[in-house]
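Engineer: Structure incoming, see below.
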Amino acid sequence: MSLDVSPALLDAAERGEVDEAEFVDCVRSSLPYAWEMISSLVAQLKVDGGPFADNQTPPPNEQARGQLLRALASDAIRGALQRHFGVRLAFQNCHRVAVFPLDASVDETLTRFTSVRAQLLNQSPEFRDC
């Protein structure tokens with residue numbers, strides 16, 4: 001799953017001058033499923049409060065799954081999304097994305113969510129090939 005980079009943005013990158021807002025817009029338009037997932041979780045976190053908001057519904061198809069993997073496996077994309085939305089992102093499997101506020105009071109919850117134990121407990125046979 002590659003980003004759909006405009007010629008102008010590619011030219012800027014070749015010159016070394018990349019505006020992060022333009023990069024974020026490229027991510028938004030290239031990875032719409034991932035963008036919608038993350039932005040809806042951010043909205044849910046703001047409305048519901050609490051230590052985090054997460055998704056537990058598998059993507060509808062492989063293209064959507066690929067978008068989540070691309071967004072969260074890339075340090076540059078993940079970092080830009082975290083800065084844009086003002087959250088910390090966590091990812092447990094092919095679809096379990098969570099957003100955490102930047103507030104240090106949820107650090108322990110984030111540590112538990114991203115622990116080896118949580119990863120193992122979040123496995124099931126239907127996720128084996130996701």
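Just remember, in the structure tokens the first chain shown is A, the second B, etc., residues are 1-based per chain, and ligands are 1-based in the order shown.
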Might you pull out every residue within 7 Å of stretch 100-113 of chain A, with only C-alpha atoms counted and same-chain residues fewer than 3 positions away left off, and present them as a compact mmCIF listing (two decimals) with N, CA and C atoms, in the first residue's frame?

Structural biologist:
# COMPACT_ATOMS: atom_id res chain seq x y z
N PRO A 51 -9.43 6.49 29.38
CA PRO A 51 -8.00 6.39 29.09
C PRO A 51 -7.67 6.12 27.62
N PHE A 52 -8.61 5.54 26.83
CA PHE A 52 -8.35 5.29 25.41
C PHE A 52 -9.65 4.93 24.71
N ALA A 53 -9.58 4.96 23.38
CA ALA A 53 -10.67 4.47 22.53
C ALA A 53 -10.02 3.51 21.54
N GLY A 86 -2.94 14.84 17.97
CA GLY A 86 -2.61 15.10 19.37
C GLY A 86 -2.89 13.90 20.27
N VAL A 87 -2.56 12.72 19.77
CA VAL A 87 -2.78 11.47 20.51
C VAL A 87 -1.57 10.58 20.35
N ARG A 88 -1.57 9.48 21.10
CA ARG A 88 -0.62 8.39 20.90
C ARG A 88 -1.40 7.23 20.31
N LEU A 89 -0.83 6.60 19.31
CA LEU A 89 -1.47 5.47 18.65
C LEU A 89 -0.85 4.17 19.13
N ALA A 118 -0.74 -8.52 26.78
CA ALA A 118 -1.93 -8.07 26.06
C ALA A 118 -1.92 -8.57 24.62

Engineer: Enumerate as a list in words all residues of chain A assigned to strand (DSSP E) by DSSP on the backbone, naming them with the chain letters and numbers the document uses.

Structural biologist: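 Residues meeting the strand (DSSP E) criterion: Ala53, Asp54, Val87, Arg88, Leu89, Ala90, Phe91, Val97, Ala98, Val99, Phe100 and Pro101 of chain A.
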
Engineer: For the selection just defined, write its residues with N, CA, C and O atoms to a file, as a short mmCIF file (atom, residue, chain, number, x, y, z; two decimals), in the first residue's frame.

Structural biologist:
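Here's the written file part_34.cif:
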data_model
loop_
_atom_site.label_atom_id
_atom_site.label_comp_id
_atom_site.auth_asym_id
_atom_site.auth_seq_id
_atom_site.Cartn_x
_atom_site.Cartn_y
_atom_site.Cartn_z
N ALA A 53 -9.58 4.96 23.38
CA ALA A 53 -10.67 4.47 22.53
C ALA A 53 -10.02 3.51 21.54
O ALA A 53 -8.93 3.77 21.04
N ASP A 54 -10.70 2.39 21.28
CA ASP A 54 -10.11 1.42 20.35
C ASP A 54 -11.15 0.81 19.44
O ASP A 54 -12.35 0.89 19.69
N VAL A 87 -2.56 12.72 19.77
CA VAL A 87 -2.78 11.47 20.51
C VAL A 87 -1.57 10.58 20.35
O VAL A 87 -0.68 10.84 19.54
N ARG A 88 -1.57 9.48 21.10
CA ARG A 88 -0.62 8.39 20.90
C ARG A 88 -1.40 7.23 20.31
O ARG A 88 -2.51 6.93 20.75
N LEU A 89 -0.83 6.60 19.31
CA LEU A 89 -1.47 5.47 18.65
C LEU A 89 -0.85 4.17 19.13
O LEU A 89 0.35 4.09 19.35
N ALA A 90 -1.69 3.16 19.27
CA ALA A 90 -1.22 1.82 19.62
C ALA A 90 -1.92 0.85 18.66
O ALA A 90 -3.03 1.09 18.20
N PHE A 91 -1.24 -0.26 18.39
CA PHE A 91 -1.73 -1.21 17.39
C PHE A 91 -1.42 -2.61 17.88
O PHE A 91 -0.26 -2.93 18.14
N VAL A 97 -6.74 -0.96 16.60
CA VAL A 97 -6.07 0.33 16.73
C VAL A 97 -6.65 1.02 17.96
O VAL A 97 -7.85 0.95 18.20
N ALA A 98 -5.80 1.69 18.71
CA ALA A 98 -6.27 2.45 19.87
C ALA A 98 -5.62 3.82 19.86
O ALA A 98 -4.49 3.99 19.39
N VAL A 99 -6.36 4.80 20.35
CA VAL A 99 -5.82 6.14 20.53
C VAL A 99 -5.83 6.47 22.01
O VAL A 99 -6.80 6.18 22.72
N PHE A 100 -4.72 7.02 22.46
CA PHE A 100 -4.54 7.40 23.86
C PHE A 100 -4.24 8.89 23.91
O PHE A 100 -3.49 9.40 23.06
N PRO A 101 -4.77 9.59 24.90
CA PRO A 101 -4.42 11.01 25.03
C PRO A 101 -2.94 11.14 25.38
O PRO A 101 -2.30 10.19 25.83
#

Engineer: Go through A:Ser2, A:Pro7, A:Val42, A:Thr57 one by one, measure the shortest atom-to-atom distance of each to A:Leu69 using only C-alpha atoms, and give the residue with the smallest value.

Structural biologist: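 Residue with the minimum atom-to-atom distance to A:Leu69: A:Ser2.
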
Engineer: Would you pick out the contacts of A:Ser40 at 12 Å or less, using only C-alpha atoms, so that residues sharing its chain but fewer than 2 positions from it are not included, and give the list as a count of residues only?

Structural biologist: 21

Engineer: Identify, on the basis of only C-alpha atoms, every residue whose closest approach to A:Ala21 does not exceed 12 Å; exclude the query and any residue fewer than 5 positions from it along the same chain; express the result as JSON, numbers by chain.

Structural biologist: {"A": [9, 26, 27, 28, 77, 80, 81, 83, 84, 85]}

Engineer: Keeping only C-alpha atoms, take the residues you just selected and write them out as an mmCIF file, in the first residue's frame.

Structural biologist:
data_model
loop_
_atom_site.group_PDB
_atom_site.id
_atom_site.type_symbol
_atom_site.label_atom_id
_atom_site.label_comp_id
_atom_site.auth_asym_id
_atom_site.auth_seq_id
_atom_site.Cartn_x
_atom_site.Cartn_y
_atom_site.Cartn_z
ATOM 1 C CA LEU A 9 4.784 17.076 -2.936
ATOM 2 C CA CYS A 26 -1.387 13.020 1.370
ATOM 3 C CA VAL A 27 -1.902 10.334 4.029
ATOM 4 C CA ARG A 28 -5.573 11.340 4.433
ATOM 5 C CA ILE A 77 3.096 8.272 8.910
ATOM 6 C CA ALA A 80 2.621 12.609 11.647
ATOM 7 C CA LEU A 81 -0.823 11.233 12.552
ATOM 8 C CA ARG A 83 1.104 14.972 15.990
ATOM 9 C CA HIS A 84 -1.854 15.937 13.796
ATOM 10 C CA PHE A 85 -4.471 14.437 16.104
#
